[in-house]
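> This is model.csv (CSV, C-alpha atoms).
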chain,number,residue,atom,x,y,z
J,1,MET,CA,-43.2,-59.2,-136.2
J,2,ARG,CA,-42.5,-55.5,-136.7
J,3,PRO,CA,-42.5,-53.3,-133.6
J,4,ALA,CA,-45.9,-51.7,-133.0
J,5,PRO,CA,-46.1,-47.9,-132.4
J,6,THR,CA,-45.0,-46.4,-129.1
J,7,SER,CA,-44.6,-42.8,-128.1
J,8,GLY,CA,-40.8,-42.8,-128.0
J,9,SER,CA,-37.7,-44.8,-127.4
J,10,THR,CA,-35.3,-45.7,-124.6
J,11,THR,CA,-31.6,-46.4,-124.5
J,12,ALA,CA,-30.2,-49.3,-122.5
J,13,ALA,CA,-27.4,-48.5,-120.0
J,14,ALA,CA,-24.1,-50.5,-120.1
J,15,ALA,CA,-23.9,-53.6,-117.9
J,16,GLU,CA,-22.4,-53.3,-114.5
J,17,PRO,CA,-19.1,-55.2,-113.6
J,18,VAL,CA,-19.4,-58.9,-112.9
J,19,ARG,CA,-20.2,-59.7,-109.2
J,20,PRO,CA,-17.6,-62.4,-108.5
J,21,ALA,CA,-18.8,-63.6,-105.0
J,22,PRO,CA,-22.4,-64.3,-105.8
J,23,LEU,CA,-21.3,-65.7,-109.2
J,24,ALA,CA,-18.9,-68.2,-107.6
J,25,ILE,CA,-21.4,-69.2,-104.9
J,26,ALA,CA,-24.2,-69.8,-107.3
J,27,ALA,CA,-22.0,-71.6,-109.8
J,28,ILE,CA,-20.6,-74.0,-107.2
J,29,LEU,CA,-24.1,-74.7,-105.9
J,30,ALA,CA,-25.4,-75.3,-109.4
J,31,ILE,CA,-22.6,-77.7,-110.4
J,32,GLY,CA,-22.5,-79.5,-107.0
J,33,LEU,CA,-26.3,-80.0,-106.9
J,34,SER,CA,-26.5,-81.1,-110.5
J,35,TRP,CA,-23.8,-83.8,-109.9
J,36,TYR,CA,-25.4,-84.9,-106.6
J,37,VAL,CA,-28.9,-85.1,-107.9
J,38,TRP,CA,-27.9,-86.9,-111.2
J,39,HIS,CA,-25.8,-89.5,-109.4
J,40,THR,CA,-28.1,-90.0,-106.4
J,41,TYR,CA,-31.6,-89.7,-107.9
J,42,GLY,CA,-31.0,-90.5,-111.5
J,43,ALA,CA,-30.9,-89.0,-115.0
J,44,VAL,CA,-34.4,-87.6,-115.0
J,45,SER,CA,-34.0,-85.6,-111.8
J,46,GLY,CA,-30.5,-84.4,-112.9
J,47,ALA,CA,-31.7,-83.4,-116.3
J,48,LEU,CA,-34.7,-81.5,-114.9
J,49,LEU,CA,-32.4,-79.5,-112.6
J,50,ILE,CA,-30.2,-78.6,-115.5
J,51,VAL,CA,-33.2,-77.6,-117.6
J,52,GLY,CA,-34.2,-75.4,-114.6
J,53,LEU,CA,-30.8,-73.7,-114.6
J,54,LEU,CA,-31.3,-72.9,-118.3
J,55,LEU,CA,-34.8,-71.6,-117.6
J,56,GLY,CA,-33.5,-69.3,-114.9
J,57,ALA,CA,-30.8,-67.9,-117.2
J,58,ALA,CA,-33.3,-67.3,-120.0
J,59,LEU,CA,-35.9,-65.7,-117.7
J,60,PHE,CA,-33.3,-63.3,-116.3
J,61,HIS,CA,-31.6,-62.3,-119.6
J,62,SER,CA,-34.9,-61.6,-121.3
J,63,ARG,CA,-36.6,-60.2,-118.2
J,64,PHE,CA,-39.5,-62.3,-119.4
J,65,GLY,CA,-42.6,-61.0,-117.7
J,66,PHE,CA,-46.1,-62.3,-117.4
J,67,THR,CA,-47.1,-59.8,-114.7
J,68,SER,CA,-45.7,-56.8,-116.5
J,69,ALA,CA,-47.1,-57.9,-119.9
J,70,TRP,CA,-50.6,-58.0,-118.6
J,71,ARG,CA,-50.1,-54.8,-116.6
J,72,GLN,CA,-48.9,-52.8,-119.6
J,73,LEU,CA,-51.6,-54.2,-121.9
J,74,ILE,CA,-54.5,-53.3,-119.5
J,75,SER,CA,-53.1,-49.9,-118.3
J,76,VAL,CA,-51.6,-48.3,-121.5
J,77,GLY,CA,-52.4,-50.8,-124.3
J,78,ASN,CA,-48.8,-52.0,-124.9
J,79,GLY,CA,-49.2,-55.5,-126.3
J,80,ALA,CA,-45.5,-56.3,-126.8
J,81,GLY,CA,-45.4,-58.5,-123.8
J,82,LEU,CA,-48.5,-60.4,-124.9
J,83,ARG,CA,-47.1,-60.9,-128.4
J,84,ALA,CA,-44.0,-62.4,-126.8
J,85,HIS,CA,-46.4,-64.7,-124.9
J,86,ALA,CA,-47.9,-65.7,-128.2
J,87,LEU,CA,-44.4,-66.6,-129.6
J,88,LEU,CA,-43.6,-68.6,-126.4
J,89,LEU,CA,-46.9,-70.5,-126.5
J,90,GLY,CA,-46.7,-71.2,-130.3
J,91,THR,CA,-43.1,-72.5,-130.0
J,92,ALA,CA,-44.0,-74.7,-127.0
J,93,ALA,CA,-47.2,-75.9,-128.7
J,94,THR,CA,-45.3,-76.9,-131.9
J,95,LEU,CA,-42.6,-78.8,-130.1
J,96,ILE,CA,-44.8,-80.5,-127.6
J,97,ALA,CA,-47.1,-81.7,-130.4
J,98,LEU,CA,-44.2,-83.2,-132.1
J,99,ILE,CA,-42.9,-84.8,-128.9
J,100,VAL,CA,-46.3,-86.3,-127.9
J,101,VAL,CA,-47.1,-87.6,-131.4
J,102,SER,CA,-43.7,-89.2,-131.8
J,103,GLY,CA,-43.7,-90.6,-128.2
J,104,ALA,CA,-40.1,-89.6,-128.1
J,105,GLY,CA,-39.5,-89.2,-124.3
J,106,LEU,CA,-36.0,-89.3,-122.8
J,107,PHE,CA,-34.8,-91.6,-120.1
J,108,GLY,CA,-37.8,-94.0,-120.6
J,109,SER,CA,-40.5,-91.3,-120.0
J,110,THR,CA,-43.7,-91.4,-122.0
J,111,PRO,CA,-44.9,-87.9,-123.0
J,112,GLN,CA,-48.6,-87.4,-121.9
J,113,VAL,CA,-50.9,-84.4,-121.7
J,114,SER,CA,-54.3,-84.0,-120.1
J,115,ALA,CA,-57.0,-81.4,-119.9
J,116,GLY,CA,-57.6,-79.4,-116.7
J,117,PRO,CA,-61.1,-79.3,-115.3
J,118,ILE,CA,-63.3,-76.2,-116.0
J,119,GLY,CA,-65.3,-74.6,-113.2
J,120,ILE,CA,-65.6,-72.0,-110.6
J,121,ALA,CA,-62.3,-72.9,-108.9
J,122,LEU,CA,-60.5,-72.3,-112.2
J,123,PHE,CA,-62.1,-68.9,-112.8
J,124,ALA,CA,-61.7,-67.7,-109.2
J,125,GLY,CA,-58.2,-69.1,-108.9
J,126,ALA,CA,-57.0,-67.4,-112.1
J,127,ALA,CA,-58.5,-64.0,-111.0
J,128,LEU,CA,-57.0,-64.3,-107.5
J,129,PHE,CA,-53.6,-65.2,-108.9
J,130,ALA,CA,-53.6,-62.2,-111.2
J,131,ILE,CA,-54.5,-59.8,-108.4
J,132,GLY,CA,-51.7,-61.4,-106.4
J,133,MET,CA,-49.3,-60.9,-109.3
J,134,GLN,CA,-50.0,-57.2,-109.5
J,135,LEU,CA,-49.6,-56.7,-105.7
J,136,GLY,CA,-46.6,-59.1,-105.3
J,137,GLY,CA,-44.8,-57.8,-108.3
J,138,ALA,CA,-44.1,-61.1,-110.0
J,139,CYS,CA,-45.8,-64.2,-111.3
J,140,ALA,CA,-44.7,-67.8,-110.4
J,141,SER,CA,-41.7,-68.0,-112.7
J,142,GLY,CA,-41.0,-64.4,-112.2
J,143,THR,CA,-40.9,-64.8,-108.4
J,144,LEU,CA,-38.2,-67.5,-108.8
J,145,PHE,CA,-35.9,-65.7,-111.1
J,146,ALA,CA,-36.3,-62.4,-109.2
J,147,VAL,CA,-35.3,-64.1,-106.0
J,148,GLY,CA,-32.3,-65.7,-107.7
J,149,SER,CA,-31.2,-62.3,-109.0
J,150,GLY,CA,-31.2,-60.8,-105.5
J,151,GLN,CA,-34.5,-58.8,-105.5
J,152,SER,CA,-35.2,-58.6,-101.8
J,153,THR,CA,-38.9,-57.6,-102.0
J,154,ILE,CA,-39.7,-60.7,-104.1
J,155,VAL,CA,-38.3,-62.9,-101.3
J,156,LEU,CA,-41.3,-61.6,-99.3
J,157,THR,CA,-43.6,-62.5,-102.2
J,158,LEU,CA,-42.1,-66.0,-102.3
J,159,GLY,CA,-42.7,-66.4,-98.5
J,160,GLY,CA,-46.3,-65.3,-99.0
J,161,PHE,CA,-46.6,-67.7,-102.0
J,162,ILE,CA,-45.5,-70.6,-99.8
J,163,ALA,CA,-47.8,-69.6,-97.0
J,164,GLY,CA,-50.8,-69.3,-99.3
J,165,SER,CA,-50.1,-72.6,-100.8
J,166,VAL,CA,-49.9,-74.3,-97.4
J,167,LEU,CA,-53.0,-72.5,-96.3
J,168,TYR,CA,-54.9,-74.0,-99.3
J,169,THR,CA,-53.7,-77.5,-98.4
J,170,TRP,CA,-54.9,-77.0,-94.8
J,171,ALA,CA,-58.3,-75.6,-95.8
J,172,PHE,CA,-58.6,-78.1,-98.7
J,173,PRO,CA,-62.1,-79.4,-97.6
J,174,VAL,CA,-63.4,-75.9,-98.0
J,175,PHE,CA,-62.2,-75.6,-101.6
J,176,ASP,CA,-62.8,-79.2,-102.7
J,177,GLY,CA,-65.9,-80.1,-104.6
J,178,TRP,CA,-66.7,-76.7,-106.2
J,179,PRO,CA,-68.8,-77.1,-109.4
J,180,GLU,CA,-66.8,-78.1,-112.5
J,181,VAL,CA,-67.0,-80.0,-115.7
J,182,PRO,CA,-64.4,-82.3,-117.3
J,183,GLY,CA,-61.6,-80.6,-119.3
J,184,PHE,CA,-61.6,-80.3,-123.0
J,185,LEU,CA,-58.6,-81.3,-125.0
J,186,LEU,CA,-58.6,-80.3,-128.7
J,187,SER,CA,-56.5,-83.2,-129.8
J,188,GLU,CA,-59.2,-85.7,-128.6
J,189,HIS,CA,-61.7,-84.1,-131.0
J,190,ILE,CA,-59.7,-82.8,-134.0
J,191,GLY,CA,-56.4,-84.6,-133.8
J,192,TRP,CA,-53.0,-83.2,-133.0
J,193,PHE,CA,-52.6,-81.4,-136.3
J,194,GLY,CA,-56.0,-79.7,-135.9
J,195,SER,CA,-55.2,-78.9,-132.3
J,196,TRP,CA,-51.9,-77.3,-133.2
J,197,ALA,CA,-53.3,-75.4,-136.2
J,198,SER,CA,-56.2,-74.0,-134.1
J,199,THR,CA,-53.8,-72.9,-131.4
J,200,ILE,CA,-51.5,-71.2,-133.8
J,201,ALA,CA,-54.4,-69.5,-135.5
J,202,ALA,CA,-55.7,-68.2,-132.2
J,203,LEU,CA,-52.3,-66.9,-131.2
J,204,LEU,CA,-51.9,-65.1,-134.5
J,205,LEU,CA,-55.3,-63.4,-133.9
J,206,ILE,CA,-54.1,-62.3,-130.5
J,207,VAL,CA,-51.0,-60.8,-132.1
J,208,LEU,CA,-53.2,-58.9,-134.6
J,209,LEU,CA,-55.6,-57.6,-132.0
J,210,THR,CA,-52.8,-56.4,-129.7
J,211,ARG,CA,-51.2,-54.5,-132.6
J,212,ILE,CA,-54.5,-52.8,-133.4
J,213,VAL,CA,-55.0,-51.8,-129.8
J,214,GLN,CA,-51.4,-50.5,-129.5
J,215,ALA,CA,-51.7,-48.5,-132.7
J,216,ARG,CA,-54.8,-46.8,-131.4
J,217,ARG,CA,-53.4,-46.0,-127.9
J,218,THR,CA,-49.7,-45.4,-128.7
J,219,PRO,CA,-48.3,-46.3,-125.3
J,220,PRO,CA,-45.0,-45.2,-123.9
J,221,PRO,CA,-42.1,-47.5,-124.6
J,222,THR,CA,-40.9,-50.1,-122.1
J,223,GLY,CA,-37.7,-49.4,-120.3
J,224,SER,CA,-34.5,-51.0,-121.5
J,225,ALA,CA,-32.4,-53.2,-119.1
J,226,PRO,CA,-28.6,-52.6,-118.8
J,227,THR,CA,-26.8,-54.8,-121.3
J,228,ALA,CA,-23.4,-55.7,-122.7
J,229,THR,CA,-22.8,-55.6,-126.4
J,230,GLY,CA,-21.4,-58.0,-129.0
J,231,LEU,CA,-21.0,-61.7,-128.1
J,232,ALA,CA,-20.9,-60.7,-124.4
J,233,ARG,CA,-24.6,-59.9,-124.6
J,234,ILE,CA,-25.3,-63.7,-124.6
J,235,TRP,CA,-24.2,-64.1,-121.0
J,236,ARG,CA,-23.9,-60.6,-119.7
J,237,GLY,CA,-26.6,-58.7,-121.6
J,238,SER,CA,-30.3,-58.2,-122.0
J,239,TRP,CA,-31.8,-60.4,-124.6
J,240,PRO,CA,-34.5,-59.2,-127.0
J,241,LEU,CA,-37.9,-60.3,-125.6
J,242,LEU,CA,-38.8,-62.4,-128.6
J,243,VAL,CA,-35.5,-64.3,-128.3
J,244,GLY,CA,-36.3,-65.1,-124.7
J,245,ALA,CA,-39.8,-66.3,-125.8
J,246,LEU,CA,-38.2,-68.7,-128.3
J,247,VAL,CA,-35.7,-70.1,-125.8
J,248,LEU,CA,-38.3,-70.5,-123.1
J,249,GLY,CA,-40.6,-72.3,-125.5
J,250,VAL,CA,-37.9,-74.7,-126.4
J,251,LEU,CA,-37.1,-75.3,-122.7
J,252,ALA,CA,-40.8,-75.8,-121.8
J,253,ALA,CA,-40.8,-78.5,-124.4
J,254,ALA,CA,-37.6,-79.9,-122.9
J,255,VAL,CA,-39.5,-80.4,-119.6
J,256,VAL,CA,-42.0,-82.6,-121.4
J,257,LEU,CA,-39.2,-84.5,-123.2
J,258,VAL,CA,-37.4,-85.3,-120.0
J,259,SER,CA,-40.3,-85.8,-117.6
J,260,GLY,CA,-43.3,-86.8,-119.7
J,261,GLY,CA,-45.3,-83.9,-118.3
J,262,THR,CA,-45.6,-80.1,-118.7
J,263,TRP,CA,-43.6,-77.5,-116.8
J,264,GLY,CA,-45.1,-76.5,-113.5
J,265,VAL,CA,-44.1,-74.3,-110.6
J,266,THR,CA,-46.5,-73.9,-107.8
J,267,PHE,CA,-47.1,-77.4,-106.4
J,268,ALA,CA,-43.6,-77.2,-105.1
J,269,PHE,CA,-44.5,-74.3,-102.8
J,270,ALA,CA,-47.2,-76.3,-101.1
J,271,LEU,CA,-44.7,-79.2,-100.8
J,272,TRP,CA,-41.9,-77.0,-99.4
J,273,GLY,CA,-44.1,-75.3,-96.9
J,274,SER,CA,-45.6,-78.6,-95.6
J,275,LYS,CA,-42.1,-80.1,-95.3
J,276,LEU,CA,-41.1,-77.1,-93.2
J,277,LEU,CA,-44.0,-77.7,-90.9
J,278,GLN,CA,-42.9,-81.3,-90.5
J,279,LEU,CA,-39.5,-80.1,-89.5
J,280,VAL,CA,-40.9,-78.1,-86.6
J,281,GLY,CA,-43.0,-81.0,-85.4
J,282,LEU,CA,-46.4,-80.4,-87.1
J,283,HIS,CA,-48.3,-83.0,-89.1
J,284,PRO,CA,-49.6,-81.7,-92.4
J,285,GLU,CA,-49.6,-85.3,-93.7
J,286,ALA,CA,-52.8,-85.7,-91.7
J,287,TRP,CA,-54.6,-83.1,-93.7
J,288,SER,CA,-57.0,-84.4,-96.4
J,289,PHE,CA,-55.0,-82.7,-99.2
J,290,TRP,CA,-52.0,-84.9,-98.4
J,291,GLN,CA,-54.1,-88.0,-98.1
J,292,ASP,CA,-54.4,-88.2,-101.8
J,293,PRO,CA,-52.0,-91.1,-102.8
J,294,ASP,CA,-50.0,-89.0,-105.3
J,295,ASN,CA,-49.7,-86.0,-102.9
J,296,ALA,CA,-48.9,-88.3,-100.0
J,297,GLN,CA,-46.0,-89.9,-102.0
J,298,ALA,CA,-44.7,-86.5,-103.0
J,299,LEU,CA,-44.7,-85.4,-99.3
J,300,ALA,CA,-42.9,-88.6,-98.2
J,301,ASN,CA,-40.3,-88.4,-101.0
J,302,PRO,CA,-37.2,-86.1,-101.0
J,303,ILE,CA,-37.7,-82.9,-103.0
J,304,TRP,CA,-35.0,-84.1,-105.4
J,305,VAL,CA,-37.4,-86.4,-107.1
J,306,ASP,CA,-40.2,-83.8,-107.4
J,307,LYS,CA,-40.3,-82.3,-110.9
J,308,THR,CA,-41.5,-78.8,-109.9
J,309,SER,CA,-39.0,-78.6,-107.0
J,310,LEU,CA,-36.1,-79.5,-109.3
J,311,THR,CA,-36.9,-76.9,-112.0
J,312,ASN,CA,-37.8,-74.3,-109.4
J,313,ILE,CA,-34.4,-74.7,-107.6
J,314,GLY,CA,-32.7,-74.7,-111.0
J,315,ILE,CA,-34.4,-71.4,-112.0
J,316,ILE,CA,-33.3,-69.7,-108.8
J,317,LEU,CA,-29.7,-70.8,-109.2
J,318,GLY,CA,-29.6,-70.2,-113.0
J,319,ALA,CA,-31.0,-66.6,-112.5
J,320,ALA,CA,-28.4,-66.0,-109.8
J,321,ILE,CA,-25.6,-67.0,-112.1
J,322,ALA,CA,-26.9,-64.9,-114.9
J,323,ALA,CA,-27.5,-61.9,-112.7
J,324,ALA,CA,-24.1,-62.0,-111.1
J,325,ALA,CA,-22.4,-62.4,-114.5
J,326,ALA,CA,-24.4,-59.3,-115.7
J,327,GLY,CA,-23.5,-57.3,-112.6
J,328,ALA,CA,-27.1,-57.1,-111.7
J,329,TRP,CA,-27.2,-59.2,-108.5
J,330,LYS,CA,-28.0,-56.8,-105.7
J,331,ILE,CA,-29.7,-57.0,-102.3
J,332,HIS,CA,-31.8,-54.0,-101.3
J,333,THR,CA,-32.3,-53.7,-97.6
J,334,GLU,CA,-34.7,-50.8,-97.5
J,335,ILE,CA,-38.3,-51.9,-98.4
J,336,PRO,CA,-41.2,-49.5,-97.8
J,337,TRP,CA,-43.7,-51.1,-95.4
J,338,ARG,CA,-46.6,-50.8,-97.8
J,339,THR,CA,-44.5,-52.5,-100.5
J,340,ALA,CA,-43.7,-55.3,-98.0
J,341,VAL,CA,-47.3,-55.8,-97.1
J,342,ALA,CA,-48.3,-55.9,-100.8
J,343,ALA,CA,-45.6,-58.5,-101.5
J,344,ILE,CA,-46.7,-60.8,-98.8
J,345,LEU,CA,-50.4,-60.4,-99.5
J,346,GLY,CA,-49.8,-60.8,-103.2
J,347,GLY,CA,-47.9,-64.0,-102.6
J,348,ILE,CA,-50.6,-65.4,-100.4
J,349,LEU,CA,-53.3,-64.7,-103.0
J,350,MET,CA,-51.1,-66.3,-105.7
J,351,GLY,CA,-50.6,-69.4,-103.5
J,352,ILE,CA,-54.3,-69.9,-103.0
J,353,GLY,CA,-55.2,-69.0,-106.5
J,354,ALA,CA,-52.7,-71.3,-108.2
J,355,ARG,CA,-53.9,-74.3,-106.1
J,356,LEU,CA,-57.6,-73.4,-106.8
J,357,ALA,CA,-57.0,-73.2,-110.5
J,358,GLY,CA,-54.8,-76.2,-110.7
J,359,GLY,CA,-51.9,-74.1,-111.9
J,360,CYS,CA,-50.4,-70.7,-112.5
J,361,ASN,CA,-49.2,-68.7,-115.4
J,362,ILE,CA,-46.9,-71.7,-116.2
J,363,GLY,CA,-48.8,-74.8,-115.2
J,364,ALA,CA,-52.3,-73.6,-116.3
J,365,TYR,CA,-51.7,-70.8,-118.9
J,366,LEU,CA,-48.6,-72.0,-120.7
J,367,GLY,CA,-49.1,-75.7,-120.0
J,368,GLY,CA,-52.8,-75.6,-120.9
J,369,ILE,CA,-52.6,-73.5,-124.1
J,370,SER,CA,-49.5,-75.3,-125.4
J,371,THR,CA,-51.2,-78.7,-125.1
J,372,GLY,CA,-54.5,-77.6,-126.6
J,373,SER,CA,-56.5,-77.7,-123.3
J,374,LEU,CA,-59.4,-75.2,-123.1
J,375,HIS,CA,-58.7,-74.5,-119.5
J,376,GLY,CA,-55.5,-72.7,-120.4
J,377,TRP,CA,-57.3,-70.2,-122.5
J,378,LEU,CA,-60.0,-69.6,-119.8
J,379,TRP,CA,-57.3,-69.2,-117.2
J,380,GLY,CA,-55.8,-66.4,-119.3
J,381,ALA,CA,-59.1,-64.7,-119.8
J,382,PHE,CA,-59.9,-64.6,-116.1
J,383,ALA,CA,-56.3,-63.6,-115.3
J,384,LEU,CA,-56.8,-60.5,-117.5
J,385,GLY,CA,-59.9,-59.6,-115.5
J,386,GLY,CA,-57.9,-60.2,-112.2
J,387,THR,CA,-55.1,-58.0,-113.6
J,388,TRP,CA,-57.6,-55.1,-114.0
J,389,LEU,CA,-58.7,-55.5,-110.4
J,390,GLY,CA,-55.1,-55.7,-109.2
J,391,LEU,CA,-54.2,-52.5,-111.0
J,392,LYS,CA,-57.0,-50.7,-109.1
J,393,LEU,CA,-55.5,-52.0,-105.8
J,394,ARG,CA,-51.8,-51.2,-106.5
J,395,PRO,CA,-52.0,-47.5,-105.5
J,396,LEU,CA,-53.4,-48.4,-102.1
J,397,PHE,CA,-49.9,-49.9,-101.4
J,398,GLY,CA,-47.9,-47.1,-103.0
J,399,LEU,CA,-47.3,-49.1,-106.2
J,400,GLY,CA,-47.3,-47.4,-109.5
J,401,VAL,CA,-49.5,-48.1,-112.5
J,402,PRO,CA,-48.3,-47.2,-116.0
J,403,LYS,CA,-49.8,-44.1,-117.6
J,404,PRO,CA,-49.9,-42.9,-121.2
J,405,THR,CA,-47.9,-39.8,-120.1
J,406,ASP,CA,-45.0,-41.8,-118.7
J,407,SER,CA,-41.6,-41.5,-120.5
J,408,ALA,CA,-41.3,-45.3,-120.2
J,409,CYS,CA,-43.2,-48.1,-118.5
Before anything else, please render the file you have as structure tokens.

Amino acid sequence: MRPAPTSGSTTAAAAEPVRPAPLAIAAILAIGLSWYVWHTYGAVSGALLIVGLLLGAALFHSRFGFTSAWRQLISVGNGAGLRAHALLLGTAATLIALIVVSGAGLFGSTPQVSAGPIGIALFAGAALFAIGMQLGGACASGTLFAVGSGQSTIVLTLGGFIAGSVLYTWAFPVFDGWPEVPGFLLSEHIGWFGSWASTIAALLLIVLLTRIVQARRTPPPTGSAPTATGLARIWRGSWPLLVGALVLGVLAAAVVLVSGGTWGVTFAFALWGSKLLQLVGLHPEAWSFWQDPDNAQALANPIWVDKTSLTNIGIILGAAIAAAAAGAWKIHTEIPWRTAVAAILGGILMGIGARLAGGCNIGAYLGGISTGSLHGWLWGAFALGGTWLGLKLRPLFGLGVPKPTDSAC
């Protein structure tokens, strides 16, 4: 895919020196936890933690953004981020189709996919999540790798994310039972080859449309992250966005190969928050959300057997290692109050929205589209609408919105 027109170019700065202290701490935690989890809870849990570490490194090195991609598309017509999404989705769809058709799961797992329900909760949840992304400054996966790389503001976003997720579980009777219809899985109607071919065709159409939009609007170029050169770029530099998309697509398929299910993020936030409430003597296990047998078992079990918790923790640690090696791990202590409010509010909206929609930019959007589920496409459409609303709200909190006259966005 050749670069689409932009109004100029930017030059990447050189990478900063390695940050030895955070690098050593993150590496020791990653190695120690991987050994402990593998030997205590089994190969599936250990492998998922390791896949999470790789996801964190890939997310950081490519600065792979869902939030920024939609923001740049809506505000200035830059479709580069969405084209990277298409490559990620196409890679994951291809590999997941091969895994499911062959039944080739690791460690005794059986790869399975299912369609998410379609209804008001999906539409409202996707829009709320997208508004939250634009206020909080990161998506679900972006929140994790940004926290790992030392971005202090996003710690507030993560706190809000957990709070919003717990709030949903507490208020579950209010959200339960909204009108919906059963999900639609392409492979059940046109087979796996037809499902894969239809998905790839739709993604190619998106690539074409974004290039047409970008050619007409000629947006400013995206800024370049600091990077090393030569072979050192692999572990100390900024990867090309499309390279990151390919690697993330392979790793998303690896989650299916190891666990039998698609990559998810946000259920863990509800789980972590509810376990914290238990530690201080409260009883979320009595709430109706946690009365569901599967949810109740997850709350009773250690987090080291929860798939989303394992990959989430791995992403944080993997991003910390990558950021420290690149010299980019830094804590910023001064956060404007409006930015802090936006981060917390955005996190709360994402927590509620993800649970309403049954997933986030990973569980619903990536997981749905890559497995041929219609709900993934619908999630993406309503998230674009929510992004437009979120961009209207950003200036209220002192947050910038890209403009055609910017030197970079």
> To one decimal place in Å, what is the distance between CA of Thr311 in chain J and CA of Phe172 in chain J?
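So the answer is 25.5 Å.
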> Which residues are near range 297-301 of chain J? Cut-off 9 Å, only C-alpha atoms, ignore same chain within fewer than 6 positions. Put them as a compact mmCIF listing (two decimals) with C-alpha atoms, in the coordinates of the input.

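Once everything was written out, this is around-v5.txt:
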# COMPACT_ATOMS: atom_id res chain seq x y z
CA LEU J 271 -44.70 -79.20 -100.80
CA TRP J 272 -41.90 -77.00 -99.40
CA SER J 274 -45.60 -78.60 -95.60
CA LYS J 275 -42.10 -80.10 -95.30
CA GLU J 285 -49.60 -85.30 -93.70
CA TRP J 290 -52.00 -84.90 -98.40
> Of the residues J:Thr210, J:Ser195, J:Ser34, J:Gln151, which is the one nearest to Gly79 in chain J, using all atoms listed in the file?
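Residue with the minimum atom-to-atom distance to Gly79 in chain J: J:Thr210.
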> Using all atoms listed in the file, determine which residues lie at most 12 Å from Gly237 in chain J, disregarding the query and same-chain residues fewer than 2 positions distant; provide the list as a PyMOL selection string.
chain J and resi 12-18+57-58+60-63+224-235+239-240+322-328
> Only C-alpha atoms, please: the residues just picked out, written as an mmCIF file, in the frame of the given file.

data_model
loop_
_atom_site.group_PDB
_atom_site.id
_atom_site.type_symbol
_atom_site.label_atom_id
_atom_site.label_comp_id
_atom_site.auth_asym_id
_atom_site.auth_seq_id
_atom_site.Cartn_x
_atom_site.Cartn_y
_atom_site.Cartn_z
ATOM 1 C CA ALA J 12 -30.200 -49.300 -122.500
ATOM 2 C CA ALA J 13 -27.400 -48.500 -120.000
ATOM 3 C CA ALA J 14 -24.100 -50.500 -120.100
ATOM 4 C CA ALA J 15 -23.900 -53.600 -117.900
ATOM 5 C CA GLU J 16 -22.400 -53.300 -114.500
ATOM 6 C CA PRO J 17 -19.100 -55.200 -113.600
ATOM 7 C CA VAL J 18 -19.400 -58.900 -112.900
ATOM 8 C CA ALA J 57 -30.800 -67.900 -117.200
ATOM 9 C CA ALA J 58 -33.300 -67.300 -120.000
ATOM 10 C CA PHE J 60 -33.300 -63.300 -116.300
ATOM 11 C CA HIS J 61 -31.600 -62.300 -119.600
ATOM 12 C CA SER J 62 -34.900 -61.600 -121.300
ATOM 13 C CA ARG J 63 -36.600 -60.200 -118.200
ATOM 14 C CA SER J 224 -34.500 -51.000 -121.500
ATOM 15 C CA ALA J 225 -32.400 -53.200 -119.100
ATOM 16 C CA PRO J 226 -28.600 -52.600 -118.800
ATOM 17 C CA THR J 227 -26.800 -54.800 -121.300
ATOM 18 C CA ALA J 228 -23.400 -55.700 -122.700
ATOM 19 C CA THR J 229 -22.800 -55.600 -126.400
ATOM 20 C CA GLY J 230 -21.400 -58.000 -129.000
ATOM 21 C CA LEU J 231 -21.000 -61.700 -128.100
ATOM 22 C CA ALA J 232 -20.900 -60.700 -124.400
ATOM 23 C CA ARG J 233 -24.600 -59.900 -124.600
ATOM 24 C CA ILE J 234 -25.300 -63.700 -124.600
ATOM 25 C CA TRP J 235 -24.200 -64.100 -121.000
ATOM 26 C CA TRP J 239 -31.800 -60.400 -124.600
ATOM 27 C CA PRO J 240 -34.500 -59.200 -127.000
ATOM 28 C CA ALA J 322 -26.900 -64.900 -114.900
ATOM 29 C CA ALA J 323 -27.500 -61.900 -112.700
ATOM 30 C CA ALA J 324 -24.100 -62.000 -111.100
ATOM 31 C CA ALA J 325 -22.400 -62.400 -114.500
ATOM 32 C CA ALA J 326 -24.400 -59.300 -115.700
ATOM 33 C CA GLY J 327 -23.500 -57.300 -112.600
ATOM 34 C CA ALA J 328 -27.100 -57.100 -111.700
#
> Which residue gives the smallest distance to Ile362 in chain J among J:Leu208, J:Ala26, J:Ala252, J:Ile321, with all atoms listed in the file counted?
J:Ala252
> Compile the contact shell of Val213 in chain J as a PyMOL selection string: residues with an atom at most 8 Å away, counting only C-alpha atoms, same-chain residues fewer than 3 positions apart removed.
chain J and resi 77-79+209-210+216-217
> In Å to one decimal, how far is CA of Phe175 in chain J from CA of Ala121 in chain J?
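Rounded to one decimal, the two atoms are 7.8 Å apart.
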